[in-house]
Every structure is written in structure tokens, then in C-alpha cells.
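This is protein06.cif (mmCIF, C-alpha atoms).
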data_final
#
loop_
_atom_site.label_atom_id
_atom_site.label_comp_id
_atom_site.auth_asym_id
_atom_site.auth_seq_id
_atom_site.Cartn_x
_atom_site.Cartn_y
_atom_site.Cartn_z
CA MET A 199 82.45 153.80 73.79
CA SER A 200 79.48 152.79 75.87
CA THR A 201 76.37 151.69 74.16
CA ALA A 202 73.26 153.21 75.63
CA PRO A 203 70.08 151.26 75.05
CA ALA A 204 68.44 152.55 71.90
CA ALA A 205 65.52 154.85 72.58
CA ALA A 206 62.21 153.68 71.19
CA PRO A 207 61.60 155.47 67.88
CA ALA A 208 59.20 158.35 68.19
CA PRO A 209 55.81 157.52 66.66
CA ALA A 210 55.49 158.93 63.16
CA PRO A 211 53.51 162.17 63.19
CA ALA A 212 50.01 161.89 61.76
CA PRO A 213 50.19 162.92 58.11
CA GLU A 214 48.86 166.37 57.36
CA ARG A 215 46.20 166.84 54.74
CA PRO A 216 47.88 168.08 51.56
CA LEU A 217 46.13 171.22 50.37
CA PRO A 218 46.32 173.33 47.26
CA VAL A 219 48.03 176.69 47.55
CA PRO A 220 46.10 179.32 45.62
CA THR A 221 48.23 181.27 43.17
CA ARG A 222 47.72 184.63 41.50
CA GLU A 223 46.12 182.83 38.56
CA SER A 224 43.99 180.38 40.54
CA GLN A 225 42.81 182.68 43.35
CA PRO A 226 39.47 183.50 41.64
CA PHE A 227 38.79 179.75 41.26
CA TRP A 228 39.42 179.12 44.97
CA ASP A 229 37.43 182.22 45.96
CA GLY A 230 34.55 180.72 43.98
CA MET A 231 34.90 177.33 45.67
CA ARG A 232 34.57 179.05 49.06
CA GLU A 233 31.34 180.68 47.90
CA GLY A 234 29.95 177.48 46.42
CA ARG A 235 30.51 178.72 42.87
CA PHE A 236 32.41 177.02 40.01
CA MET A 237 34.52 179.77 38.42
CA LEU A 238 36.17 179.15 35.07
CA GLN A 239 38.87 181.15 33.35
CA HIS A 240 38.05 182.47 29.86
CA CYS A 241 40.47 184.09 27.44
CA ALA A 242 39.64 187.79 27.05
CA ALA A 243 40.96 187.74 23.47
CA CYS A 244 39.55 184.55 21.87
CA GLY A 245 36.88 183.75 24.46
CA LYS A 246 37.86 180.11 24.89
CA VAL A 247 37.65 178.50 28.30
CA ARG A 248 40.67 176.96 30.00
CA HIS A 249 40.87 174.87 33.10
CA TYR A 250 43.02 174.56 35.28
CA PRO A 251 43.81 178.31 35.65
CA ARG A 252 47.06 179.47 34.08
CA PRO A 253 48.57 182.71 32.76
CA VAL A 254 48.61 182.07 29.01
CA CYS A 255 45.77 180.98 26.70
CA PRO A 256 46.82 177.66 25.11
CA HIS A 257 44.77 178.54 22.00
CA CYS A 258 45.82 182.13 21.15
CA PHE A 259 48.57 182.83 23.73
CA SER A 260 46.87 185.94 25.07
CA MET A 261 47.62 186.72 28.70
CA ASP A 262 44.33 188.55 29.32
CA SER A 263 41.60 186.53 30.97
CA GLU A 264 38.47 186.80 33.07
CA PHE A 265 36.63 184.38 35.36
CA ARG A 266 32.95 183.57 34.85
CA GLU A 267 30.63 181.42 36.89
CA ALA A 268 29.90 178.07 35.23
CA PRO A 269 27.20 175.41 35.70
CA GLN A 270 28.06 172.72 38.24
CA GLY A 271 26.84 169.60 36.47
CA GLY A 272 28.70 167.17 34.29
CA LYS A 273 29.07 163.61 33.05
CA ILE A 274 31.57 160.98 34.15
CA HIS A 275 34.38 160.65 31.62
CA ALA A 276 36.43 158.05 33.53
CA TRP A 277 37.26 157.05 37.08
CA THR A 278 39.61 155.14 39.30
CA VAL A 279 39.18 153.60 42.74
CA CYS A 280 42.20 154.46 44.87
CA HIS A 281 43.21 151.65 47.20
CA HIS A 282 46.83 152.66 47.65
CA PRO A 283 46.79 156.39 48.38
CA PHE A 284 49.47 158.58 46.87
CA ASN A 285 49.61 160.51 50.15
CA PHE A 286 49.31 158.72 53.50
CA PHE A 287 46.76 161.24 54.71
CA PHE A 288 44.20 159.54 52.48
CA LYS A 289 44.97 156.02 53.75
CA ALA A 290 42.08 156.04 56.24
CA ALA A 291 39.61 157.00 53.49
CA ALA A 292 40.72 154.29 51.01
CA PRO A 293 39.27 152.84 48.93
CA TYR A 294 37.68 155.95 47.45
CA ILE A 295 36.46 156.81 43.97
CA VAL A 296 38.05 159.65 42.02
CA ALA A 297 35.92 160.66 39.05
CA LEU A 298 37.13 162.56 36.03
CA VAL A 299 34.12 164.58 34.93
CA ASP A 300 33.33 166.35 31.66
CA MET A 301 31.75 169.54 32.98
CA ASP A 302 28.77 170.98 31.10
CA ALA A 303 30.76 174.21 30.80
CA GLY A 304 33.08 172.58 28.27
CA GLY A 305 32.27 173.02 24.58
CA ASP A 306 34.73 172.29 21.81
CA VAL A 307 37.38 172.47 24.53
CA PRO A 308 36.86 169.95 27.33
CA VAL A 309 36.61 171.21 30.90
CA ARG A 310 37.35 168.31 33.20
CA VAL A 311 37.48 168.17 36.96
CA ASN A 312 39.06 165.35 38.94
CA ALA A 313 37.53 165.01 42.39
CA PRO A 314 36.26 162.38 44.84
CA LEU A 315 32.84 160.96 43.99
CA ARG A 316 30.74 160.37 47.10
CA GLY A 317 27.60 158.37 47.72
CA VAL A 318 27.86 156.26 44.56
CA ALA A 319 28.59 152.52 44.65
CA GLU A 320 31.39 151.19 42.46
CA ALA A 321 28.91 148.94 40.67
CA ASP A 322 26.84 151.98 39.61
CA LEU A 323 29.71 153.77 37.88
CA GLU A 324 29.45 154.28 34.15
CA ILE A 325 30.70 156.67 31.51
CA GLY A 326 28.15 159.45 30.96
CA LYS A 327 26.57 159.20 34.42
CA ARG A 328 25.33 162.61 35.56
CA VAL A 329 27.02 164.15 38.59
CA ARG A 330 27.26 167.60 40.15
CA LEU A 331 29.80 169.46 42.25
CA GLY A 332 29.71 169.62 46.02
CA PHE A 333 31.85 171.90 48.18
CA GLU A 334 33.79 170.83 51.27
CA PRO A 335 35.24 173.65 53.38
CA VAL A 336 38.59 172.54 54.80
CA ASN A 337 39.82 175.79 56.36
CA LYS A 338 39.28 179.54 55.98
CA GLU A 339 41.12 179.69 52.66
CA VAL A 340 40.44 176.38 50.98
CA THR A 341 37.20 174.70 49.99
CA LEU A 342 37.65 171.51 47.96
CA PRO A 343 35.31 170.17 45.28
CA PHE A 344 33.76 166.71 45.30
CA PHE A 345 31.05 165.07 43.21
CA VAL A 346 27.69 163.52 44.04
CA ALA A 347 25.16 161.88 41.74
CA GLU A 348 22.84 164.43 40.12
CA MET B 218 46.63 163.96 44.77
CA PHE B 219 47.68 161.83 41.85
CA ALA B 220 50.67 159.80 40.82
CA PRO B 221 51.04 158.06 37.43
CA ALA B 222 49.12 154.96 38.58
CA GLN B 223 45.97 156.97 39.32
CA LEU B 224 46.23 159.06 36.16
CA TYR B 225 46.75 156.11 33.83
CA ALA B 226 44.12 154.08 35.68
CA GLN B 227 41.45 156.48 34.46
CA GLY B 228 42.54 156.01 30.84
CA ALA B 229 42.66 152.25 31.31
CA ARG B 230 39.16 152.29 32.80
CA ARG B 231 37.89 154.27 29.81
CA HIS B 232 39.42 151.74 27.41
CA MET B 233 37.73 148.91 29.35
CA GLU B 234 34.35 150.64 29.29
CA LEU B 235 34.53 151.64 25.61
CA TYR B 236 36.06 148.48 24.14
CA GLY B 237 35.56 145.66 26.63
CA THR B 238 39.22 145.31 27.55
CA THR B 239 39.57 143.19 30.71
CA ALA B 240 41.90 142.45 33.62
CA ARG B 241 42.57 139.12 31.90
CA HIS B 242 44.15 141.04 29.01
CA PHE B 243 46.24 143.12 31.44
CA ALA B 244 47.35 139.92 33.19
CA GLU B 245 48.52 138.41 29.91
CA VAL B 246 50.96 141.29 29.39
CA ALA B 247 52.29 140.90 32.96
CA VAL B 248 52.63 137.12 32.74
CA VAL B 249 54.31 137.04 29.32
CA THR B 250 56.69 139.84 30.33
CA ARG B 251 57.64 137.91 33.47
CA ARG B 252 58.30 134.77 31.43
CA HIS B 253 60.66 136.76 29.23
CA ALA B 254 62.38 138.29 32.29
CA ILE B 255 63.16 134.82 33.64
CA LEU B 256 64.73 133.85 30.31
CA ASN B 257 66.82 137.01 30.46
CA GLY B 258 68.03 136.32 34.01
CA ASN B 259 69.50 139.79 34.64
CA VAL B 260 66.28 141.02 36.22
CA VAL B 261 64.65 142.12 39.49
CA MET B 262 61.57 139.88 39.27
CA ASN B 263 62.80 136.34 38.69
CA LYS B 264 59.94 134.15 39.93
CA PRO B 265 57.22 132.89 37.59
CA LEU B 266 53.91 134.78 37.64
CA THR B 267 50.51 133.25 36.89
CA VAL B 268 47.29 134.88 35.78
CA GLU B 269 45.75 133.88 39.11
CA GLU B 270 48.58 135.54 41.05
CA HIS B 271 48.11 138.68 38.98
CA HIS B 272 44.38 138.74 39.74
CA ALA B 273 45.04 138.13 43.45
CA SER B 274 47.66 140.88 43.79
CA ARG B 275 46.55 143.90 45.78
CA MET B 276 44.65 146.66 44.09
CA ILE B 277 46.64 149.87 43.70
CA SER B 278 44.35 152.14 41.73
CA ASP B 279 41.48 150.28 40.07
CA PRO B 280 41.79 148.80 37.48
CA PHE B 281 45.54 148.54 38.18
CA ARG B 282 46.70 145.83 40.53
CA LEU B 283 50.25 145.54 41.85
CA PHE B 284 51.43 143.46 38.88
CA ASP B 285 50.02 145.95 36.39
CA CYS B 286 52.53 148.52 37.64
CA SER B 287 56.18 148.79 36.67
CA LEU B 288 59.04 148.58 39.14
CA GLU B 289 60.90 151.41 40.86
CA SER B 290 64.59 150.78 40.22
CA ASP B 291 68.00 152.32 40.43
CA GLY B 292 70.18 151.52 37.48
CA GLY B 293 72.16 152.83 34.59
CA ALA B 294 72.24 152.18 30.88
CA ALA B 295 74.16 153.65 27.97
CA ILE B 296 74.02 153.46 24.21
CA VAL B 297 76.87 154.20 21.83
CA ILE B 298 75.85 155.48 18.41
CA SER B 299 78.30 155.78 15.56
CA ARG B 300 78.25 156.59 11.86
CA ALA B 301 77.34 153.48 9.90
CA GLU B 302 80.58 153.37 7.89
CA ARG B 303 82.59 153.62 11.10
CA ALA B 304 80.40 151.04 12.89
CA ARG B 305 81.16 148.48 10.18
CA ASP B 306 84.74 148.31 11.43
CA LEU B 307 83.66 147.56 15.01
CA LYS B 308 83.43 144.03 16.34
CA ASN B 309 79.66 143.82 16.86
CA PRO B 310 77.12 143.18 14.11
CA LEU B 311 75.87 146.47 12.69
CA VAL B 312 72.39 147.61 13.72
CA THR B 313 71.13 150.64 11.80
CA ILE B 314 68.56 153.23 12.77
CA LEU B 315 65.90 153.23 10.06
CA GLY B 316 63.50 155.76 11.51
CA VAL B 317 62.96 157.82 14.64
CA ALA B 318 60.24 160.23 15.72
CA GLU B 319 58.73 161.79 18.79
CA GLY B 320 55.27 163.15 19.41
CA HIS B 321 53.48 164.93 22.19
CA PRO B 322 49.84 164.53 23.17
CA GLU B 323 47.50 167.50 23.00
CA SER B 324 47.67 169.57 26.17
CA PRO B 325 50.81 167.87 27.44
CA ALA B 326 50.51 169.94 30.63
CA SER B 327 47.55 167.98 31.95
CA ILE B 328 46.47 164.44 31.14
CA ALA B 329 42.96 165.09 32.44
CA GLN B 330 42.25 167.94 29.98
CA ARG B 331 43.39 166.09 26.85
CA PRO B 332 40.55 165.84 24.34
CA ASP B 333 41.19 162.09 24.13
CA LEU B 334 42.87 160.44 27.13
CA LEU B 335 43.91 157.56 24.90
CA GLU B 336 45.75 159.62 22.27
CA PHE B 337 49.33 159.29 23.44
CA GLY B 338 52.10 161.18 21.65
CA LEU B 339 52.78 157.98 19.73
CA VAL B 340 49.66 158.72 17.64
CA LYS B 341 51.69 161.47 15.98
CA SER B 342 55.15 159.90 15.98
CA ALA B 343 54.46 156.32 14.83
CA PRO B 344 53.35 157.21 11.26
CA ARG B 345 56.39 159.49 10.87
CA ALA B 346 58.81 156.79 12.05
CA TYR B 347 57.27 154.14 9.76
CA GLU B 348 57.48 156.54 6.82
CA MET B 349 61.10 157.43 7.52
CA ALA B 350 61.98 153.76 7.92
CA GLY B 351 60.08 152.63 4.84
CA VAL B 352 58.54 149.74 6.78
CA GLY B 353 55.16 149.00 8.31
CA PRO B 354 53.80 147.01 11.25
CA LYS B 355 53.89 143.78 9.21
CA ASP B 356 57.69 144.08 8.86
CA ILE B 357 58.36 144.18 12.60
CA ASP B 358 59.88 140.96 14.02
CA VAL B 359 60.22 142.09 17.64
CA ALA B 360 58.93 145.11 19.60
CA GLU B 361 60.11 146.58 22.89
CA ILE B 362 57.18 148.61 24.18
CA TYR B 363 57.45 151.11 27.04
CA ASP B 364 55.52 149.29 29.77
CA CYS B 365 54.96 151.66 32.67
CA PHE B 366 51.65 149.77 33.06
CA THR B 367 50.26 146.67 31.38
CA PHE B 368 47.48 148.76 29.84
CA THR B 369 49.86 151.21 28.17
CA VAL B 370 51.38 148.29 26.26
CA ILE B 371 47.96 147.26 24.98
CA ARG B 372 47.10 150.79 23.88
CA GLN B 373 50.48 151.35 22.17
CA LEU B 374 50.10 148.11 20.17
CA GLU B 375 46.88 149.63 18.78
CA ILE B 376 48.49 152.98 18.03
CA LEU B 377 51.43 151.24 16.34
CA GLY B 378 49.03 149.60 13.91
CA PHE B 379 49.44 145.98 15.01
CA CYS B 380 45.68 145.94 15.56
CA LYS B 381 42.80 148.41 15.50
CA THR B 382 41.83 150.71 18.36
CA GLY B 383 39.83 148.65 20.83
CA GLU B 384 41.37 145.34 19.75
CA GLY B 385 44.53 145.56 21.83
CA GLY B 386 43.14 143.36 24.59
CA PRO B 387 42.30 140.34 22.43
CA PHE B 388 45.49 140.98 20.40
CA VAL B 389 47.82 140.18 23.32
CA MET B 390 46.14 136.79 23.96
CA ASP B 391 46.87 133.33 22.60
CA GLY B 392 50.64 133.57 22.74
CA ARG B 393 50.86 136.34 20.18
CA ILE B 394 53.21 138.60 22.20
CA GLY B 395 55.38 135.81 23.63
CA LEU B 396 58.54 134.31 22.21
CA GLY B 397 57.52 132.17 19.25
CA GLY B 398 54.41 134.30 18.73
CA ALA B 399 53.64 136.61 15.84
CA LEU B 400 54.98 139.68 17.67
CA PRO B 401 57.24 138.97 20.66
CA ILE B 402 57.39 142.02 22.93
CA ASN B 403 59.56 143.11 25.86
CA THR B 404 61.85 140.14 25.49
CA HIS B 405 64.08 141.37 28.35
CA GLY B 406 61.31 141.65 30.94
CA GLY B 407 60.57 145.33 30.49
CA LEU B 408 59.83 147.88 33.17
CA LEU B 409 57.31 145.45 34.64
CA SER B 410 59.76 142.67 35.49
CA GLN B 411 63.34 143.52 34.58
CA GLY B 412 63.71 146.98 36.10
CA HIS B 413 62.74 150.60 35.45
CA VAL B 414 65.75 152.21 33.84
CA VAL B 415 63.47 154.77 32.22
CA GLY B 416 63.08 152.67 29.10
CA LEU B 417 66.67 152.76 27.90
CA ASN B 418 66.98 149.01 28.47
CA HIS B 419 64.31 148.58 25.78
CA VAL B 420 66.69 150.13 23.24
CA ILE B 421 69.56 147.96 24.43
CA GLU B 422 67.41 144.82 24.27
CA LEU B 423 66.27 145.56 20.73
CA THR B 424 69.90 146.04 19.71
CA ARG B 425 70.81 142.70 21.30
CA GLN B 426 67.91 141.00 19.54
CA LEU B 427 69.03 142.31 16.17
CA ARG B 428 72.63 141.32 16.89
CA ARG B 429 71.21 137.86 17.83
CA GLU B 430 72.79 138.17 21.28
CA ALA B 431 69.62 137.76 23.34
CA GLY B 432 70.37 134.24 24.55
CA LYS B 433 67.36 132.20 25.63
CA ALA B 434 65.07 135.15 24.83
CA GLN B 435 66.31 135.42 21.24
CA VAL B 436 63.62 135.97 18.59
CA LYS B 437 64.61 133.68 15.74
CA ASP B 438 65.94 135.49 12.66
CA ALA B 439 65.03 138.95 14.00
CA GLU B 440 65.76 141.49 11.26
CA VAL B 441 63.64 144.57 11.99
CA GLY B 442 62.38 145.76 15.34
CA LEU B 443 60.87 148.78 17.00
CA VAL B 444 61.14 150.35 20.43
CA THR B 445 58.95 152.97 22.07
CA GLY B 446 59.64 155.32 24.95
CA TYR B 447 57.88 157.93 27.02
CA GLY B 448 58.80 161.28 28.35
CA ASP B 449 56.32 163.01 30.57
CA MET B 450 52.98 161.21 30.81
CA GLY B 451 52.43 159.93 27.33
CA ASP B 452 55.03 161.63 25.18
CA GLY B 453 55.67 159.06 22.50
CA SER B 454 59.08 158.37 21.06
CA ILE B 455 59.78 155.53 18.66
CA ALA B 456 62.81 154.09 16.91
CA ILE B 457 62.84 151.43 14.20
CA LEU B 458 66.08 149.48 13.85
CA ARG B 459 67.33 146.93 11.33
CA ARG B 460 70.09 144.36 11.40
CA ALA B 461 72.44 145.28 8.58
CA ALA B 462 73.27 142.66 5.99
#
Target encoding C-alpha cells, full file:
Amino acid sequence: MSTAPAAAPAPAPAPERPLPVPTRESQPFWDGMREGRFMLQHCAACGKVRHYPRPVCPHCFSMDSEFREAPQGGKIHAWTVCHHPFNFFFKAAAPYIVALVDMDAGGDVPVRVNAPLRGVAEADLEIGKRVRLGFEPVNKEVTLPFFVAE
Amino acid sequence: MFAPAQLYAQGARRHMELYGTTARHFAEVAVVTRRHAILNGNVVMNKPLTVEEHHASRMISDPFRLFDCSLESDGGAAIVISRAERARDLKNPLVTILGVAEGHPESPASIAQRPDLLEFGLVKSAPRAYEMAGVGPKDIDVAEIYDCFTFTVIRQLEILGFCKTGEGGPFVMDGRIGLGGALPINTHGGLLSQGHVVGLNHVIELTRQLRREAGKAQVKDAEVGLVTGYGDMGDGSIAILRRAA
């Protein structure tokens, strides 16, 4: 058996940006993102808000729900600074801050959104800091949320 | 796009901001666990670790550095459980199960939406296990704590009642969690330094401790111990075992 010289390995393809796939339940949320609106799912039976979107109310188990537009401000609940990205697509952007935000829309039930926080230095991060949503169109279907200081 | 390191990092950051917990406290858990791993010998990480090396290790997801994160391992572990009267006839010293419980955090589907990020399932299960066992934190001679991250050890020590909420950082200092300390933990090297066999090795190590078969890592006169485990992102299981007379 002859041994041909090994071909140089093909360069790894550039990683694709991982994107959410809207579902039947989450479509109104993503439609809202595209329009620059923050849409939250409310139970049609008990009225309580739930986020992320899902078919069954975790409080009363009703499957009837409606989406309502919610205010876009909130307060930082916690954060992390990602240096080692979970997906290689984000390697070029690292380190980046991901803030977990208590949205003003939450009452007795928290409504939290996890998204990149832009334009804020690490040293200025603190619990309770006011932020608001921004909207980044990625393609025709998907617009992703991020946060900026309020 | 989140993996466990990013998700738990946010809870760890909140604990730091609310209670003043520091990277020095995290490092203590990593360093003591490594020391125990070296005594065990049957481990992946067998070189000594210093606080300085912990602080210099690369940042993964702030506040977690490399040595705050557990290992990724292949491995297998098994436990044989028998009726007590039958076990008495076997050749090993009898270790009895005093109490077991499991608990799930609120909104187990999403860590981010939990009312309190720091309320692991162990908040519900620990009191039930103590009650079933008829013992309390003061009776525990050795504890094997599920250590997916250094911080989760600190928080579980609070939930288990060894100290108050917010005091877990200072609690792990001054040799308290090392061999010879008031509460030796993860005497086999844990997920951080021995290997990540999904926590089952914690059960095996506690059994060895109570049989007094732990070699150089043996906790002197260990009688009662506890072990915790996780399921999905903070589900808290606990078992309390006792060496039978």
C-alpha cells in the first residue's frame, strides 16, 4: 500500500452565529423584537406574566395566553463577563458582559432577560443599575435584544 | 448562549455583591480540594495548587476562573445497597443510611427566572434529611459536597446550616474545610480535582470515610457524614450516613 503525502487539513469553516428558532409559542415575542417592542406572555386565566414563552401557565396550568407590550427598562440582577465563549462564534467578541436584568414588567413574578450589556465598563456594574433594552436586527426573521445603560 | 459556567457565574456574582464573598474564598475551596486529591492519589489533577496559581488561571466566565470549574471526565462508579441485617454478614464495616431527601428549586425549567438564584433545591431537601436522620449540622464529621464550581460548595455549606447565608466565604477559610479542620469536605478531591463522575464518587468516598478506608485522607474517628448531589442545575439531593456500631 503506497502512502500518499497527507493533504493539508482544510481550514475550519468560520463558525456560524447561533440563532434562536421561533416556535409557535415564542413567535409573538420575536415578532415584537423585530418591531422594537418587548412582548410578554400573560395567562388568559389567572393574568400572571410568564417569560420565556411556553404553552402552559406555571401558576394555574391554563393553556390560554395572550401577549402584551411591556416596558423596556429594568435593573441589573446579576451579571457575568464571558471570556471563554460557549460557542466559538462569540470568540472574537470576548470578553463581553451578559447581564441578567429584572425587567420593570415583573411584579410578584420576576421577569428576567439575559442579554449582552453594551457600553458599560466592568467597573461600573452593580446590582440595581438601571438599563434598557436595545434591538439588534440579525436577519429578516430574528432581532436580538441587548442592554444599554438607561 | 449559556453553559453551566455562565449560568452559575451570575449566581456567584450576586453572592459576592450581596455578601462580600471573594475570589480568595473560591480559591480556598479549590486549593483544599486539590490537597485532598493528592492524598487520595486516584485522581486526574495530581499536582499541588496554590492560591496564586488559582488567581492567575485564565478567566472562564467572571467570576469563575479555570480552577473554579470542575473537570470533564469519563468514568464509572457503582454503589451496592443492601438491607441492614443482610449487610451485617458482609465483610465490610456496615454503613447505614440515616436520611435521604431531594428538592427542586422554584422554576426548575430556567435558572434565570427563579425568584432567588441562590435557593438551590437543597434549601428544601436538607431540613427533611436532617429530620429523617435525627441529626443536625453539628453532628457531621465529614461532608462530601457536590462541587461543580467552587462557589456552589460555599453556598451549599450555608444551606446545610454549617454557617449562615452570606457567611460561607469566611467559613471555608482558616483550615476549617481541610483534613484536621472542623468540617473536612471533599476528601477524595471532588469534581474539581479527582474527576467528574456526576457526583457518585462523593457517595463512595463518604462510605470509605465511614468504613475508615480512606487512607491518607482519612478523617479521624468519622462516625456521621453527609453527601450532596445535583440533578439539573441546582436540584439538591442529600444523604446522611452513619458508621454502624
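For the point (35.8, 182.4, 44.1), the residues with an atom at a distance of at most 12 Å are A:Pro220, A:Glu223, A:Ser224, A:Gln225, A:Pro226, A:Phe227, A:Trp228, A:Asp229, A:Gly230, A:Met231, A:Arg232, A:Glu233, A:Gly234, A:Arg235, A:Phe236, A:Met237, A:Leu238, A:Gln239, A:Phe265, A:Arg266, A:Glu267, A:Ala268, A:Phe333, A:Glu339, A:Val340, A:Thr341, A:Leu342, counting all atoms listed in the file.
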The selected residues should be written to file as a tab-separated table (two decimals), in the frame of the given file (atoms: C-alpha atoms).
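Saved as selection_22.tsv:
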chain	number	residue	atom	x	y	z
A	220	PRO	CA	46.10	179.32	45.62
A	223	GLU	CA	46.12	182.83	38.56
A	224	SER	CA	43.99	180.38	40.54
A	225	GLN	CA	42.81	182.68	43.35
A	226	PRO	CA	39.47	183.50	41.64
A	227	PHE	CA	38.79	179.75	41.26
A	228	TRP	CA	39.42	179.12	44.97
A	229	ASP	CA	37.43	182.22	45.96
A	230	GLY	CA	34.55	180.72	43.98
A	231	MET	CA	34.90	177.33	45.67
A	232	ARG	CA	34.57	179.05	49.06
A	233	GLU	CA	31.34	180.68	47.90
A	234	GLY	CA	29.95	177.48	46.42
A	235	ARG	CA	30.51	178.72	42.87
A	236	PHE	CA	32.41	177.02	40.01
A	237	MET	CA	34.52	179.77	38.42
A	238	LEU	CA	36.17	179.15	35.07
A	239	GLN	CA	38.87	181.15	33.35
A	265	PHE	CA	36.63	184.38	35.36
A	266	ARG	CA	32.95	183.57	34.85
A	267	GLU	CA	30.63	181.42	36.89
A	268	ALA	CA	29.90	178.07	35.23
A	333	PHE	CA	31.85	171.90	48.18
A	339	GLU	CA	41.12	179.69	52.66
A	340	VAL	CA	40.44	176.38	50.98
A	341	THR	CA	37.20	174.70	49.99
A	342	LEU	CA	37.65	171.51	47.96
Hits from the PyMOL selection byres ((chain B and resi 361) around 6), listed as a PDB file with C-alpha atoms, keeping the file's coordinate frame:
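Result file follows (part-v8.pdb):
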ATOM      1  CA  ALA B 360      58.930 145.110  19.600  1.00  0.00           C
ATOM      2  CA  ILE B 362      57.180 148.610  24.180  1.00  0.00           C
ATOM      3  CA  ILE B 402      57.390 142.020  22.930  1.00  0.00           C
ATOM      4  CA  ASN B 403      59.560 143.110  25.860  1.00  0.00           C
ATOM      5  CA  HIS B 419      64.310 148.580  25.780  1.00  0.00           C
ATOM      6  CA  VAL B 444      61.140 150.350  20.430  1.00  0.00           C
TER       7      VAL B 444
END
Report as a short mmCIF file (atom, residue, chain, number, x, y, z; two decimals) with C-alpha atoms, keeping the file's coordinate frame all protein, DNA and RNA residues lying within 10 Å of Phe219 (chain B), evaluated on all atoms listed in the file, omitting residues in the same chain fewer than 5 positions from it.
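In the end it all went to out26.cif:
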data_model
loop_
_atom_site.label_atom_id
_atom_site.label_comp_id
_atom_site.auth_asym_id
_atom_site.auth_seq_id
_atom_site.Cartn_x
_atom_site.Cartn_y
_atom_site.Cartn_z
CA CYS A 280 42.20 154.46 44.87
CA PRO A 283 46.79 156.39 48.38
CA PHE A 284 49.47 158.58 46.87
CA ASN A 285 49.61 160.51 50.15
CA VAL A 296 38.05 159.65 42.02
CA ASN A 312 39.06 165.35 38.94
CA LEU B 224 46.23 159.06 36.16
CA TYR B 225 46.75 156.11 33.83
#
Find the residues in chain B near chain A: any atom within 9 Å counts, using only C-alpha atoms. Write them as a ChimeraX atom specification. /B:218-220,223-224,226-231,234-235,275-281,324,327,329-332
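Protein, DNA and RNA residues at most 8 Å from (44.5, 162.7, 54.4), with only C-alpha atoms, are these: Pro213, Glu214, Arg215, Pro216, Asn285, Phe286, Phe287, Phe288, Lys289, Ala290 and Ala291 of chain A.
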Picked residues, the PyMOL selection byres ((chain B and resi 344) around 10), as a ChimeraX atom specification: /B:318,339-343,345-350,353,376-378,455
Find the residues near Phe366 (chain B): any atom within 9 Å, counting all atoms listed in the file, skip ones fewer than 4 places away on the same chain, and give them as JSON, numbers by chain. {"B": [222, 225, 243, 247, 281, 284, 285, 286, 287, 370, 408, 409]}
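CA of Asn259 (chain B) is found 29.0 Å from CA of Asp306 (chain B).
Considering all atoms listed in the file, the residue among A:Glu264, A:Leu315, A:Gly304, A:His257 positioned nearest to Glu323 (chain B) is A:His257.
Against this structure, the PyMOL selection byres ((chain B and resi 401) around 10) ends up with B:Val249, B:Thr250, B:His253, B:Ile357, B:Asp358, B:Val359, B:Ala360, B:Glu361, B:Val389, B:Gly392, B:Arg393, B:Ile394, B:Gly395, B:Leu396, B:Gly397, B:Gly398, B:Ala399, B:Leu400, B:Ile402, B:Asn403, B:Thr404, B:Ala434, B:Gln435, B:Val436.
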